[in-house]
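Comments concern the structure below.
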Amino acid sequence: MGVTSISQEFLCPIAPSRMFKALIIDSKNLIPKLLPQFIASVEVTQGDGGAGSIEQVNFTEGSHFKYVKHRIDELDQDNFVCKYTMIEGDALGDKLESIGYEVKFEAASDGSSICKMTSNYNPIGEAEVKEEEIIAGKNSAMGIYEVVETFLVENPNVYS
C-alpha cells in the first residue's frame with residue numbers, strides 16, 4: 001500500500017516559543033495535568049528527552065488504548081521543530097508499523113504562530129489504512145493542541 005501522508009496547517013494565537021515549550025518540551029508534565037481523564041502519565045523510558053529518547057504515554061483505564069511509545073527523532077528548539085515516531089502501542093493496531101510526525105511552529109507577523117503538522121502512516125506490508133482511522137487520529141491530536149492553546153491563553157505568563 002505504501003506510506004499515507006497527511007499535512008495540515010493552522011493558525012494559533014500563541015507565540016511559537018510558548019507552544020513549543022508547552023506542547024513539546026514539557027508535554028510529559030503538562031499533558032497529564034490538562035487531560036487527566038485520558039492521559040495517566042508520560043514517562044521518558046530511555047534517554048534525556050532529546051533526540052533518540054523514547055517516551056511512553058500511558059492512558060487511563062477508561063481509554064481505548066493502554067499506551068504508546070514515541071521515539072524522538074529530532075528536537076530543534078531554535079527553530080521550533082520536533083520529529084518523532086510512534087513505534088509501539090495498541091494505537092498502531094495490526095495495520096501500522098509506525099506513524100512518523102513532524103510538528104513545526106513558525107512565527108506569524110502578529111506574534112502568533114502557524115502550526116504545520118505532517119503525519120506519515122507506515123503500514124505493515126500491504127495493509128490499507130482507512131481514511132476514518134487517519135481522521136480519528138488527526139482529531140485526537142487537534143483536541144490536545146486546542147486544550148494546550150486554551151491553557152496558554154488563560155495563563156499568559158506560563159512558558160513565557
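Here, A, B, ... name the chains of the C-alpha cells in the order displayed, residue numbers run from 1 inside each chain, and ligands are numbered from 1 in the same displayed order.
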Write out, as a tab-separated table, each residue of region 91-121 of chain A that has an atom at most 10 Å from region 67-70 of chain A, together with the closest pair of atoms and their distance in Å to one decimal, counting only C-alpha atoms, rows going by chain and rising number.
```
residue	atom	partner	partner_atom	distance
A:Ala91	CA	A:Val68	CA	6.7
A:Leu92	CA	A:Val68	CA	8.3
A:Ser98	CA	A:His70	CA	9.5
A:Ile99	CA	A:His70	CA	9.2
A:Gly100	CA	A:His70	CA	9.2
A:Tyr101	CA	A:His70	CA	9.8
```
Deliver the residues from the most recent selection as a file, using all heavy atoms, as an mmCIF file, in the first residue's frame.
```cif
data_model
loop_
_atom_site.group_PDB
_atom_site.id
_atom_site.type_symbol
_atom_site.label_atom_id
_atom_site.label_comp_id
_atom_site.auth_asym_id
_atom_site.auth_seq_id
_atom_site.Cartn_x
_atom_site.Cartn_y
_atom_site.Cartn_z
ATOM 1 N N ALA A 91 -2.363 1.629 19.786
ATOM 2 C CA ALA A 91 -2.937 2.584 18.835
ATOM 3 C C ALA A 91 -2.489 2.272 17.404
ATOM 4 O O ALA A 91 -3.161 2.659 16.446
ATOM 5 C CB ALA A 91 -2.540 4.015 19.209
ATOM 6 N N LEU A 92 -1.366 1.551 17.248
ATOM 7 C CA LEU A 92 -0.914 1.173 15.913
ATOM 8 C C LEU A 92 -1.765 0.052 15.325
ATOM 9 O O LEU A 92 -1.801 -0.126 14.111
ATOM 10 C CB LEU A 92 0.561 0.735 15.958
ATOM 11 C CG LEU A 92 1.570 1.840 16.259
ATOM 12 C CD1 LEU A 92 2.958 1.241 16.474
ATOM 13 C CD2 LEU A 92 1.593 2.882 15.162
ATOM 14 N N SER A 98 4.393 1.925 12.061
ATOM 15 C CA SER A 98 4.736 3.138 12.803
ATOM 16 C C SER A 98 3.993 4.324 12.194
ATOM 17 O O SER A 98 3.438 4.223 11.104
ATOM 18 C CB SER A 98 6.243 3.406 12.747
ATOM 19 O OG SER A 98 6.649 3.660 11.412
ATOM 20 N N ILE A 99 4.004 5.435 12.939
ATOM 21 C CA ILE A 99 3.482 6.703 12.426
ATOM 22 C C ILE A 99 4.552 7.752 12.713
ATOM 23 O O ILE A 99 4.954 7.939 13.865
ATOM 24 C CB ILE A 99 2.163 7.127 13.098
ATOM 25 C CG1 ILE A 99 1.106 6.030 12.989
ATOM 26 C CG2 ILE A 99 1.640 8.430 12.473
ATOM 27 C CD1 ILE A 99 -0.155 6.290 13.818
ATOM 28 N N GLY A 100 5.023 8.399 11.666
ATOM 29 C CA GLY A 100 6.012 9.455 11.817
ATOM 30 C C GLY A 100 5.328 10.813 11.839
ATOM 31 O O GLY A 100 4.395 11.051 11.072
ATOM 32 N N TYR A 101 5.782 11.688 12.718
ATOM 33 C CA TYR A 101 5.177 13.019 12.852
ATOM 34 C C TYR A 101 6.250 14.089 12.733
ATOM 35 O O TYR A 101 7.371 13.911 13.217
ATOM 36 C CB TYR A 101 4.528 13.179 14.237
ATOM 37 C CG TYR A 101 3.441 12.201 14.550
ATOM 38 C CD1 TYR A 101 3.734 11.026 15.246
ATOM 39 C CD2 TYR A 101 2.121 12.429 14.176
ATOM 40 C CE1 TYR A 101 2.740 10.115 15.564
ATOM 41 C CE2 TYR A 101 1.126 11.518 14.491
ATOM 42 C CZ TYR A 101 1.434 10.369 15.182
ATOM 43 O OH TYR A 101 0.443 9.475 15.488
#
```
Long-range neighbours of region 6-9 of chain A as a tab-separated table (two decimals) with N, CA and C atoms, in the first residue's frame, 9 Å cut-off, only C-alpha atoms, 2 positions minimum in chain:
```
chain	number	residue	atom	x	y	z
A	4	THR	N	1.03	6.56	3.79
A	4	THR	CA	-0.03	7.55	3.62
A	4	THR	C	0.34	8.77	4.43
A	11	LEU	N	-3.58	28.35	12.23
A	11	LEU	CA	-3.12	29.49	13.00
A	11	LEU	C	-3.35	29.25	14.47
A	114	ILE	N	2.03	29.88	13.26
A	114	ILE	CA	1.45	28.98	12.27
A	114	ILE	C	1.99	27.60	12.63
A	115	CYS	N	1.09	26.69	12.88
A	115	CYS	CA	1.49	25.32	13.21
A	115	CYS	C	1.35	24.46	11.96
A	116	LYS	N	2.43	23.78	11.63
A	116	LYS	CA	2.44	22.88	10.48
A	116	LYS	C	2.71	21.47	10.99
A	117	MET	N	1.82	20.56	10.65
A	117	MET	CA	1.96	19.17	11.10
A	117	MET	C	1.86	18.23	9.89
A	118	THR	N	2.74	17.25	9.88
A	118	THR	CA	2.68	16.20	8.86
A	118	THR	C	2.74	14.86	9.59
A	119	SER	N	1.88	13.95	9.17
A	119	SER	CA	1.85	12.60	9.73
A	119	SER	C	2.04	11.61	8.59
A	120	ASN	N	2.94	10.66	8.79
A	120	ASN	CA	3.21	9.61	7.80
A	120	ASN	C	2.86	8.26	8.40
A	121	TYR	N	1.84	7.63	7.85
A	121	TYR	CA	1.35	6.34	8.32
A	121	TYR	C	2.04	5.23	7.53
A	134	ILE	N	-7.37	7.65	10.00
A	134	ILE	CA	-6.49	8.82	9.94
A	134	ILE	C	-7.20	10.04	10.51
```
Contact residues around Gly50 (chain A) with only C-alpha atoms at 8 Å, ignoring same-chain residues under 6 positions, as number ranges by chain: A: 72, 74-75
Select, from A:Pro13, A:Phe80, A:Ile87, A:Gln37, the residue with the minimum atom-to-atom distance to Ser53 (chain A), counting only C-alpha atoms.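 Among A:Pro13, A:Phe80, A:Ile87, A:Gln37, it is A:Ile87 that comes nearest to Ser53 (chain A).
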